[in-house]
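Participant: Sharing final_27.cif, mmCIF, C-alpha atoms and all ligand atoms:
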data_data
loop_
_atom_site.label_atom_id
_atom_site.label_comp_id
_atom_site.auth_asym_id
_atom_site.auth_seq_id
_atom_site.Cartn_x
_atom_site.Cartn_y
_atom_site.Cartn_z
CA MET A 481 43.22 0.05 12.55
CA ARG A 482 42.26 -3.61 12.67
CA ILE A 483 41.67 -5.64 9.51
CA LYS A 484 38.01 -5.90 10.42
CA ASP A 485 37.69 -2.11 10.61
CA ILE A 486 39.34 -1.75 7.24
CA ILE A 487 36.90 -4.20 5.67
CA ILE A 488 33.86 -2.52 7.20
CA GLU A 489 35.21 0.84 6.15
CA SER A 490 35.69 -0.23 2.55
CA VAL A 491 32.29 -1.89 2.48
CA LEU A 492 30.67 1.32 3.64
CA ASP A 493 32.64 3.38 1.18
CA GLU A 494 31.16 1.44 -1.66
CA ALA A 495 28.30 3.04 -3.46
CA ILE A 496 25.21 2.33 -1.43
CA SER A 497 22.84 4.44 -3.39
CA SER A 498 19.14 4.38 -2.84
CA SER A 499 17.96 7.97 -3.25
CA SER A 500 16.48 7.04 -6.59
CA LEU A 501 14.17 4.70 -4.68
CA TYR A 502 12.49 7.72 -3.17
CA GLU A 503 10.05 8.30 -6.05
CA PRO A 504 8.85 4.69 -6.32
CA VAL A 505 8.49 4.41 -2.53
CA LYS A 506 6.52 7.62 -2.37
CA LYS A 507 4.24 6.37 -5.13
CA ALA A 508 3.77 3.10 -3.24
CA ILE A 509 2.70 4.97 -0.09
CA GLU A 510 0.22 6.99 -2.12
CA ILE A 511 -1.29 3.88 -3.67
CA GLY A 512 -1.49 2.28 -0.22
CA ILE A 513 -3.45 5.27 1.10
CA GLN A 514 -5.75 5.25 -1.92
CA ASN A 515 -6.41 1.50 -1.66
CA SER A 516 -7.03 1.59 2.06
CA ILE A 517 -9.61 4.37 1.69
CA GLY A 518 -11.16 2.42 -1.17
CA SER A 519 -11.38 -0.64 1.05
CA LEU A 520 -13.79 1.23 3.35
CA TYR A 521 -16.39 0.52 0.68
CA ASP A 522 -16.63 -2.97 2.19
CA LEU A 523 -18.43 -1.38 5.13
CA LYS A 524 -21.35 -0.40 2.91
CA GLY A 525 -24.64 -1.78 4.12
CA GLY A 526 -23.06 -3.55 7.06
CA TYR A 527 -23.63 -0.70 9.47
CA PRO A 528 -27.24 0.52 9.41
CA ASN A 529 -26.63 2.63 12.51
CA LEU A 530 -23.78 4.39 10.83
CA GLU A 531 -25.84 5.23 7.79
CA GLU A 532 -28.71 6.42 9.92
CA LYS A 533 -26.42 8.69 11.92
CA PHE A 534 -25.03 10.21 8.76
CA ASN A 535 -28.44 10.92 7.37
CA ASN A 536 -29.39 12.63 10.60
CA GLY A 537 -26.55 15.05 9.97
CA LEU A 538 -23.26 15.06 11.80
CA ASN A 539 -20.31 17.40 11.38
CA SER A 540 -17.26 16.06 9.59
CA ARG A 541 -15.38 15.31 12.80
CA GLU A 542 -18.27 13.32 14.27
CA MET A 543 -18.68 11.48 11.00
CA ARG A 544 -14.98 10.69 10.91
CA VAL A 545 -15.10 9.28 14.43
CA GLU A 546 -18.13 7.14 13.55
CA LEU A 547 -16.65 5.85 10.33
CA ILE A 548 -13.30 4.99 11.89
CA ARG A 549 -15.08 3.30 14.78
CA ALA A 550 -16.98 1.10 12.33
CA ALA A 551 -13.91 0.55 10.19
CA GLU A 552 -11.68 -0.50 13.04
CA GLY A 553 -14.40 -2.44 14.82
CA PRO A 554 -14.33 -6.15 15.59
CA ASP A 555 -15.85 -7.07 12.21
CA SER A 556 -13.59 -5.05 10.02
CA ARG A 557 -10.10 -4.29 11.39
CA TRP A 558 -9.35 -1.61 8.87
CA ASN A 559 -5.65 -0.88 8.93
CA MET A 560 -4.13 1.67 6.57
CA ALA A 561 -0.61 0.64 7.60
CA ASP A 562 -1.14 -2.86 6.16
CA HIS A 563 -2.07 -1.43 2.78
CA ILE A 564 0.90 0.94 2.74
CA ALA A 565 3.37 -1.71 3.95
CA MET A 566 2.22 -4.12 1.27
CA GLU A 567 2.72 -1.56 -1.51
CA ILE A 568 6.16 -0.56 -0.22
CA ARG A 569 7.23 -4.21 -0.03
CA LYS A 570 6.08 -4.80 -3.61
CA THR A 571 8.03 -1.77 -4.79
CA LEU A 572 11.20 -2.74 -2.92
CA THR A 573 10.99 -6.22 -4.43
CA ILE A 574 10.70 -4.76 -7.92
CA GLU A 575 13.47 -2.20 -7.40
CA LEU A 576 15.96 -4.22 -5.34
CA GLY A 577 14.98 -7.80 -5.97
CA ARG A 578 13.40 -10.36 -3.75
CA ASN A 579 15.05 -11.09 -0.42
CA VAL A 580 16.97 -7.84 -0.10
CA VAL A 581 14.48 -6.41 2.36
CA ARG A 582 13.03 -9.48 4.08
CA SER A 583 10.20 -7.71 5.82
CA LEU A 584 8.79 -4.25 6.32
CA THR A 585 6.20 -3.59 8.97
CA PHE A 586 4.63 -0.64 10.74
CA VAL A 587 4.96 -0.81 14.51
CA ASP A 588 4.42 1.71 17.28
CA LEU A 589 7.99 2.75 18.08
CA GLY A 590 7.18 5.55 20.50
CA ASP A 591 7.77 9.27 20.10
CA THR A 592 11.41 9.52 19.11
CA THR A 593 12.18 6.70 16.65
CA HIS A 594 11.20 6.95 12.99
CA GLY A 595 12.24 3.43 12.13
CA ASP A 596 14.88 0.76 12.56
CA ALA A 597 16.54 -2.01 10.63
CA SER A 598 17.65 -5.21 12.26
CA ASN A 599 19.62 -7.25 9.78
CA LEU A 600 17.31 -7.36 6.73
CA LYS A 601 14.08 -6.46 8.50
CA ILE A 602 12.68 -2.96 8.58
CA ARG A 603 10.24 -1.49 11.06
CA ILE A 604 8.68 1.92 10.52
CA ASN A 605 6.91 3.86 13.24
CA SER A 606 3.17 3.54 12.72
CA LYS A 607 2.34 6.85 14.40
CA VAL A 608 2.59 8.84 11.18
CA VAL A 609 0.22 6.43 9.43
CA ASP A 610 -2.31 6.85 12.23
CA ASN A 611 -2.27 10.56 11.52
CA ILE A 612 -2.59 9.99 7.77
CA ALA A 613 -5.58 7.71 8.40
CA LYS A 614 -7.33 10.33 10.56
CA ALA A 615 -6.56 13.16 8.16
CA SER A 616 -7.66 11.13 5.13
CA VAL A 617 -11.00 10.13 6.58
CA THR A 618 -11.59 13.75 7.60
CA THR A 619 -10.79 14.84 4.04
CA VAL A 620 -13.25 12.28 2.68
CA MET A 621 -15.93 13.63 5.01
CA ASP A 622 -15.21 17.19 3.96
CA ILE A 623 -15.55 16.22 0.30
CA VAL A 624 -18.88 14.53 1.07
CA LEU A 625 -20.20 17.52 3.00
CA ASP A 626 -19.09 19.94 0.29
CA ASN A 627 -20.81 17.99 -2.45
CA TYR A 628 -23.94 16.48 -0.97
CA GLY A 629 -26.90 17.73 0.96
CA GLU A 630 -28.97 16.26 3.75
CA GLY A 631 -30.47 12.91 2.82
CA GLU A 632 -27.77 12.17 0.23
CA LEU A 633 -24.84 12.02 2.61
CA THR A 634 -24.60 8.25 2.90
CA ASP A 635 -24.89 7.67 -0.84
CA GLY A 636 -22.38 10.45 -1.36
CA LEU A 637 -19.99 8.89 1.12
CA TRP A 638 -19.97 5.51 -0.60
CA PHE A 639 -19.65 7.14 -4.00
CA ILE A 640 -16.62 9.20 -2.96
CA ILE A 641 -14.97 6.20 -1.27
CA LYS A 642 -15.50 4.07 -4.33
CA SER A 643 -14.14 6.80 -6.62
CA ILE A 644 -11.01 7.12 -4.49
CA GLY A 645 -10.53 3.35 -4.53
CA ASN A 646 -10.75 3.49 -8.33
CA GLY A 647 -8.06 6.14 -8.41
CA ASP A 648 -10.19 9.19 -9.24
CA ARG A 649 -7.44 11.78 -9.72
CA HIS A 650 -9.40 14.73 -8.43
CA TYR A 651 -10.42 13.24 -5.10
CA VAL A 652 -7.16 11.36 -4.61
CA SER A 653 -5.23 14.60 -5.05
CA TYR A 654 -7.10 16.10 -2.08
CA LEU A 655 -5.99 13.19 0.08
CA LEU A 656 -2.38 13.35 -1.03
CA ASP A 657 -2.08 17.13 -0.73
CA ASP A 658 -3.35 17.04 2.83
CA ASN A 659 -0.80 14.39 3.74
CA GLU A 660 2.21 15.42 1.70
CA LYS A 661 4.54 16.11 4.63
CA ARG A 662 3.64 12.83 6.31
CA ILE A 663 4.11 10.86 3.10
CA ASN A 664 7.52 12.46 2.55
CA SER A 665 8.51 11.64 6.09
CA ILE A 666 7.64 7.94 5.71
CA ALA A 667 9.42 7.78 2.36
CA SER A 668 12.64 9.23 3.76
CA THR A 669 12.51 6.91 6.75
CA VAL A 670 12.11 3.95 4.40
CA ILE A 671 15.14 5.13 2.37
CA HIS A 672 17.17 5.56 5.56
CA GLU A 673 16.38 2.02 6.71
CA VAL A 674 16.94 0.54 3.24
CA VAL A 675 20.45 1.99 3.35
CA HIS A 676 21.00 0.07 6.62
CA VAL A 677 19.66 -3.14 5.07
CA LEU A 678 22.04 -2.71 2.15
CA GLN A 679 24.90 -2.16 4.60
CA HIS A 680 23.89 -5.32 6.45
CA THR A 681 23.67 -7.25 3.18
CA GLN A 682 27.18 -6.21 2.24
CA GLN A 683 28.49 -7.03 5.71
CA ASN A 684 26.80 -10.42 5.59
CA THR A 685 28.47 -11.08 2.25
CA ALA A 686 31.80 -10.04 3.74
CA GLY A 687 31.16 -12.54 6.54
CA HIS A 688 30.37 -10.15 9.39
CA ARG A 689 27.42 -11.68 11.10
CA ASN A 690 27.35 -9.21 13.94
CA HIS A 691 26.86 -5.80 12.45
CA GLU A 692 29.30 -3.73 14.38
CA TYR A 693 27.71 -0.40 15.07
CA ARG A 694 30.15 2.29 16.01
CA SER A 695 30.87 6.00 16.04
CA TYR A 696 33.73 8.17 14.85
CA LEU A 697 33.39 10.25 18.01
CA GLY A 698 33.48 9.41 21.71
CA LYS A 699 35.71 7.34 23.95
CA LYS A 700 36.22 3.66 23.30
CA GLY A 701 33.06 1.76 24.21
CA GLU A 702 31.09 4.90 24.96
CA PHE A 703 28.70 4.59 22.01
CA PRO A 704 27.75 0.93 22.59
CA GLU A 705 27.30 1.69 26.28
CA LEU A 706 24.97 4.61 25.60
CA ASN A 707 23.12 2.54 23.01
CA ALA A 708 22.51 -0.21 25.52
CA LYS A 709 21.14 2.16 28.17
CA ARG A 710 17.39 2.26 27.95
CA LYS A 711 16.89 5.26 30.21
CA ARG A 712 19.34 8.06 29.64
CA THR A 713 19.63 11.42 31.34
CA PRO A 714 19.04 14.40 29.05
CA GLU A 715 22.84 15.03 28.99
CA GLU A 716 23.50 11.41 28.05
CA ASP A 717 20.78 11.63 25.46
CA SER A 718 22.28 14.55 23.64
CA ARG A 719 25.74 12.97 23.93
CA HIS A 720 24.29 9.79 22.45
CA TYR A 721 22.71 11.70 19.59
CA LYS A 722 26.06 13.32 18.78
CA LEU A 723 27.79 9.93 18.65
CA TYR A 724 24.86 8.48 16.70
CA LEU A 725 25.11 11.17 14.02
CA ALA A 726 28.83 10.37 13.81
CA SER A 727 28.29 6.65 13.29
CA PRO A 728 29.52 5.60 9.82
CA GLN A 729 26.36 3.57 9.27
CA GLU A 730 24.10 6.47 10.23
CA MET A 731 26.14 8.94 8.24
CA ALA A 732 25.50 6.96 5.07
CA ALA A 733 21.80 6.75 5.87
CA PHE A 734 21.38 10.41 6.82
CA SER A 735 23.38 11.52 3.78
CA HIS A 736 20.78 9.83 1.61
CA GLU A 737 18.03 11.64 3.46
CA ILE A 738 19.79 14.97 3.04
CA ALA A 739 20.39 14.28 -0.66
CA VAL A 740 16.72 13.40 -1.16
CA LYS A 741 15.65 16.58 0.60
CA MET A 742 17.96 18.67 -1.58
CA ALA A 743 16.74 16.93 -4.71
CA ASN A 744 13.20 17.88 -3.66
CA ASP A 745 13.98 21.44 -2.70
CA PHE A 746 16.07 22.20 -5.79
CA GLY A 747 13.47 20.81 -8.18
CA LEU A 748 15.47 17.84 -9.43
CA ARG A 749 12.66 15.36 -9.01
CA ASP A 750 10.13 16.44 -11.55
CA PRO A 751 11.76 18.55 -14.25
CA ARG A 752 9.78 19.11 -17.45
CA ASN A 753 12.84 18.68 -19.64
CA ILE A 754 16.56 18.25 -19.59
CA GLU A 755 17.28 21.99 -19.82
CA GLU A 756 15.18 22.70 -16.77
CA PHE A 757 16.87 19.83 -14.98
CA ASN A 758 20.38 21.06 -15.84
CA ARG A 759 19.51 24.53 -14.59
CA ALA A 760 18.18 23.12 -11.32
CA ALA A 761 21.20 20.86 -10.88
CA SER A 762 23.65 23.70 -11.47
CA ALA A 763 22.09 25.66 -8.61
CA ILE A 764 23.50 23.13 -6.15
CA ASP A 765 26.93 24.20 -4.97
CA ALA A 766 29.27 23.30 -2.13
CA GLN A 767 27.82 26.00 0.11
CA SER A 768 24.28 24.71 -0.28
CA ILE A 769 25.40 21.19 0.66
CA ILE A 770 27.22 22.59 3.71
CA ASP A 771 24.08 24.49 4.71
CA TYR A 772 21.90 21.38 4.46
CA VAL A 773 24.38 19.27 6.43
CA LYS A 774 24.54 22.00 9.09
CA GLU A 775 20.78 22.10 9.32
CA ARG A 776 20.49 18.32 9.71
CA THR A 777 23.34 17.85 12.17
CA ASP A 778 22.26 20.98 14.02
CA SER A 779 24.48 21.80 16.98
CA TYR A 780 25.55 18.18 17.37
CA ILE A 781 28.38 18.05 14.83
CA MET A 782 30.42 21.24 15.02
CA PRO A 783 32.86 21.90 12.15
CA GLN A 784 34.75 24.36 14.36
CA GLU A 785 35.67 21.52 16.76
CA ARG A 786 38.90 19.83 15.74
CA LYS A 787 37.60 16.29 16.28
CA GLU A 788 34.25 16.91 14.68
CA LEU A 789 35.46 18.64 11.53
CA PRO A 790 36.36 15.36 9.74
CA VAL A 791 32.87 14.00 10.50
CA PHE A 792 31.30 17.14 9.12
CA LYS A 793 33.46 17.02 6.01
CA ARG A 794 32.59 13.39 5.49
CA TYR A 795 28.90 14.25 5.58
CA VAL A 796 29.44 16.91 2.93
CA LYS A 797 31.35 14.43 0.79
CA LEU A 798 28.72 11.69 1.15
CA VAL A 799 25.84 14.04 0.34
CA TYR A 800 27.77 15.36 -2.66
CA GLN A 801 28.45 11.82 -3.94
CA GLU A 802 24.86 10.78 -3.46
CA LEU A 803 23.55 13.87 -5.23
CA MET A 804 25.89 13.22 -8.16
CA ARG A 805 24.60 9.66 -8.43
CA TYR A 806 21.04 10.87 -8.26
CA ILE A 807 21.69 13.54 -10.90
CA ASP A 808 23.32 11.00 -13.23
CA LYS A 809 20.37 8.64 -12.90
CA GLN A 810 17.84 11.38 -13.50
CA ARG A 811 19.76 12.66 -16.50
CA GLU A 812 19.86 9.16 -17.95
CA ARG A 813 16.15 8.85 -17.42
CA LEU A 814 15.40 12.21 -19.05
CA GLN A 815 17.61 11.52 -22.03
CA ALA A 816 15.92 8.18 -22.57
CA LYS A 817 12.57 9.94 -22.89
ZN ZN B 901 19.76 4.74 11.13
#
Can you present the structure in this file as structure tokens?
Ligand SMILES: [Zn+2]
Facilitator:
Amino acid sequence: MRIKDIIIESVLDEAISSSSLYEPVKKAIEIGIQNSIGSLYDLKGGYPNLEEKFNNGLNSREMRVELIRAAEGPDSRWNMADHIAMEIRKTLTIELGRNVVRSLTFVDLGDTTHGDASNLKIRINSKVVDNIAKASVTTVMDIVLDNYGEGELTDGLWFIIKSIGNGDRHYVSYLLDDNEKRINSIASTVIHEVVHVLQHTQQNTAGHRNHEYRSYLGKKGEFPELNAKRKRTPEEDSRHYKLYLASPQEMAAFSHEIAVKMANDFGLRDPRNIEEFNRAASAIDAQSIIDYVKERTDSYIMPQERKELPVFKRYVKLVYQELMRYIDKQRERLQAK
């Protein structure tokens, strides 16, 4: 092992914990959604045609299409992703300090990538936000149609939008419930990429300007070569994914995602009291961690393969460590209450 490898290894072994960021990030996404719906109120009065169409009676899908068309039109440029990105950036600055994450933006990254981190900059795929935007506007329309009759639809629409912008719990909860899976998915992608930024920060401090990206599996040079290939055959693709899941950098990031998912599923996030929390925490055992790692690494990392077993074990260890850190933090928080 070269000196450089040893340094990178020890840097990555250090506690890079960010699972406890999950809650604040999720909250930030929710506020971003709420604010961006609230901002539609600016359209009021500016679109007589829109209001006329509503009063003539459209179904919720037609109304959604009309409203989004007006919102995203040349005069308005409504963009939910901007609102969400701004809230996440604020939260990361509060939680990690200024200049840790230099930028966070939503960009169309195609169908397979959730996000990426290049040095200290994070990009998150905007596709999920597009779906949240559509679903949210549809929900707003449904609320309007459920609560108002013909002739009151436009007034009702502006009232509901304004209420959501002001944080009306009842209406906002409709929006969030309808989008829960999507919100969770963005939050875990953000956590994953923040872990990479923290890795990069530590490597920068250690003087490694080029962030060597490698894999525990594969022949020498195979992983970088597959990474560089833009078009891969399906066989190369699945080979690449195996090596990717066995990259030390990715293993740290995915372990955080797995730990967050377990914390959610086992009820560690929102316990009513310390007793309930302790009960939930004690339900997590080695077998459950193994099961979650298996589920995430699917058929790509096989513990029955001699070379892959250490990778699998390392995942289990990392998830365990991260869960312990998360549990300690939560316990601290509950005891402080
Ligand atoms: Zn990654």
Participant: Report as a PyMOL selection string which protein, DNA and RNA residues come within 10 Å of ligand ZN 901 (chain B), using only C-alpha atoms and all ligand atoms.
Facilitator: chain A and resi 593-597+669+671-677+724-725+727-734
Participant: Report as a PyMOL selection string all protein, DNA and RNA residues lying within 7 Å of range 511-522 of chain A, evaluated on only C-alpha atoms, omitting residues in the same chain fewer than 5 positions from it.
Facilitator: chain A and resi 551+560+563-564+567+638+641-642+644-645+647+652
Participant: Within 10 Å of (19.1, 16.0, 2.5) (file coordinates; only C-alpha atoms), which protein or nucleic acid residues are there? I'd like them as a PyMOL selection string.
Facilitator: chain A and resi 499+668+734-745+769+772-773+775-776+799+802-803
Participant: Compare A:Val587, A:Leu814, A:Val620, A:Ala763 by their minimum atom-to-atom distance to Arg749 in chain A, counting only C-alpha atoms, and give me the closest one.
Facilitator: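 Counting only C-alpha atoms, the residue closest to Arg749 in chain A is A:Leu814.
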Participant: Nearest to Asp808 in chain A among A:Phe586, A:Tyr527, A:Ser500, A:Gln767, with distances taken over only C-alpha atoms: which residue is it?
Facilitator: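 Of A:Phe586, A:Tyr527, A:Ser500, A:Gln767, the one nearest Asp808 in chain A, counting only C-alpha atoms, is A:Ser500.
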Participant: As an exercise, work out the distance from CA of Ile509 in chain A to CA of Ile568 in chain A in Å and give it to one decimal place.
Facilitator: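 We find that CA of Ile509 in chain A and CA of Ile568 in chain A lie 6.5 Å from each other.
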Participant: Rank A:Ile807, A:Arg719, A:Arg786, A:Asp648 by their smallest atom-to-atom distance to Gly698 in chain A, using only C-alpha atoms, and report the top residue only.
Facilitator: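 Between A:Ile807, A:Arg719, A:Arg786, A:Asp648, the residue approaching Gly698 in chain A most closely is A:Arg719.
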Participant: In terms of the shortest atom-to-atom distance over all atoms listed in the file, which of A:Ala726, A:Val609, A:Ala561, A:Ala766 is closest to Phe792 in chain A?
Facilitator: A:Ala726
Participant: I want to know what sits within 9 Å of Ile623 in chain A, based on all atoms listed in the file, with residues of the same chain fewer than 2 positions away left out; could you give that as a VMD selection string?
Facilitator: chain A and resid 618 to 621 625 to 628 637 640 651 654
Participant: Return the single residue from A:Ile612, A:Leu723, A:Val580, A:Ala667 that is closest to Leu706 in chain A, with distances computed using only C-alpha atoms.
Facilitator: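 That would be A:Leu723, the residue with the smallest distance to Leu706 in chain A.
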Participant: Each side padded by 3 Å, which centre and which edge lengths in Å (one decimal) define the axis-aligned box around the listed atoms of range 673-685 of chain A? Give them as AutoDock Vina command-line options.
Facilitator:
--center_x 22.4 --center_y -4.5 --center_z 4.4 --size_x 18.1 --size_y 19.1 --size_z 10.6
Participant: As a compact mmCIF listing (two decimals), in the frame of the given file, could you write out range 611-633 of chain A once it has been completed with N, CA and C atoms?
Facilitator:
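Resulting contents of out_23.txt:
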# COMPACT_ATOMS: atom_id res chain seq x y z
N ASN A 611 -1.87 9.19 11.84
CA ASN A 611 -2.27 10.56 11.52
C ASN A 611 -2.76 10.69 10.08
N ILE A 612 -2.13 9.95 9.17
CA ILE A 612 -2.59 9.99 7.77
C ILE A 612 -4.02 9.43 7.70
N ALA A 613 -4.26 8.33 8.43
CA ALA A 613 -5.58 7.71 8.40
C ALA A 613 -6.64 8.70 8.89
N LYS A 614 -6.36 9.36 10.02
CA LYS A 614 -7.33 10.33 10.56
C LYS A 614 -7.55 11.46 9.57
N ALA A 615 -6.44 12.02 9.08
CA ALA A 615 -6.56 13.16 8.16
C ALA A 615 -7.30 12.76 6.89
N SER A 616 -7.03 11.54 6.38
CA SER A 616 -7.66 11.13 5.13
C SER A 616 -9.15 10.97 5.30
N VAL A 617 -9.56 10.33 6.39
CA VAL A 617 -11.00 10.13 6.58
C VAL A 617 -11.68 11.48 6.77
N THR A 618 -11.02 12.41 7.46
CA THR A 618 -11.59 13.75 7.60
C THR A 618 -11.75 14.40 6.23
N THR A 619 -10.72 14.27 5.39
CA THR A 619 -10.79 14.84 4.04
C THR A 619 -11.97 14.25 3.27
N VAL A 620 -12.12 12.93 3.36
CA VAL A 620 -13.25 12.28 2.68
C VAL A 620 -14.56 12.89 3.14
N MET A 621 -14.69 13.05 4.46
CA MET A 621 -15.93 13.63 5.01
C MET A 621 -16.15 15.05 4.51
N ASP A 622 -15.08 15.82 4.45
CA ASP A 622 -15.21 17.19 3.96
C ASP A 622 -15.69 17.20 2.51
N ILE A 623 -15.13 16.29 1.71
CA ILE A 623 -15.55 16.22 0.30
C ILE A 623 -17.04 15.91 0.24
N VAL A 624 -17.46 14.93 1.07
CA VAL A 624 -18.88 14.53 1.07
C VAL A 624 -19.76 15.72 1.45
N LEU A 625 -19.38 16.41 2.53
CA LEU A 625 -20.20 17.52 3.00
C LEU A 625 -20.22 18.69 2.02
N ASP A 626 -19.14 18.86 1.28
CA ASP A 626 -19.09 19.94 0.29
C ASP A 626 -19.95 19.64 -0.92
N ASN A 627 -20.18 18.36 -1.19
CA ASN A 627 -20.81 17.99 -2.45
C ASN A 627 -22.23 17.45 -2.33
N TYR A 628 -22.62 17.09 -1.11
CA TYR A 628 -23.94 16.48 -0.97
C TYR A 628 -24.73 17.16 0.13
N GLY A 629 -26.03 17.13 -0.04
CA GLY A 629 -26.90 17.73 0.96
C GLY A 629 -27.51 16.67 1.86
N GLU A 630 -28.30 17.15 2.81
CA GLU A 630 -28.97 16.26 3.75
C GLU A 630 -29.75 15.18 2.99
N GLY A 631 -29.73 13.98 3.50
CA GLY A 631 -30.47 12.91 2.82
C GLY A 631 -29.64 12.18 1.76
N GLU A 632 -28.59 12.85 1.24
CA GLU A 632 -27.77 12.17 0.23
C GLU A 632 -26.39 11.82 0.79
N LEU A 633 -26.20 12.14 2.07
CA LEU A 633 -24.84 12.02 2.61
C LEU A 633 -24.29 10.60 2.56
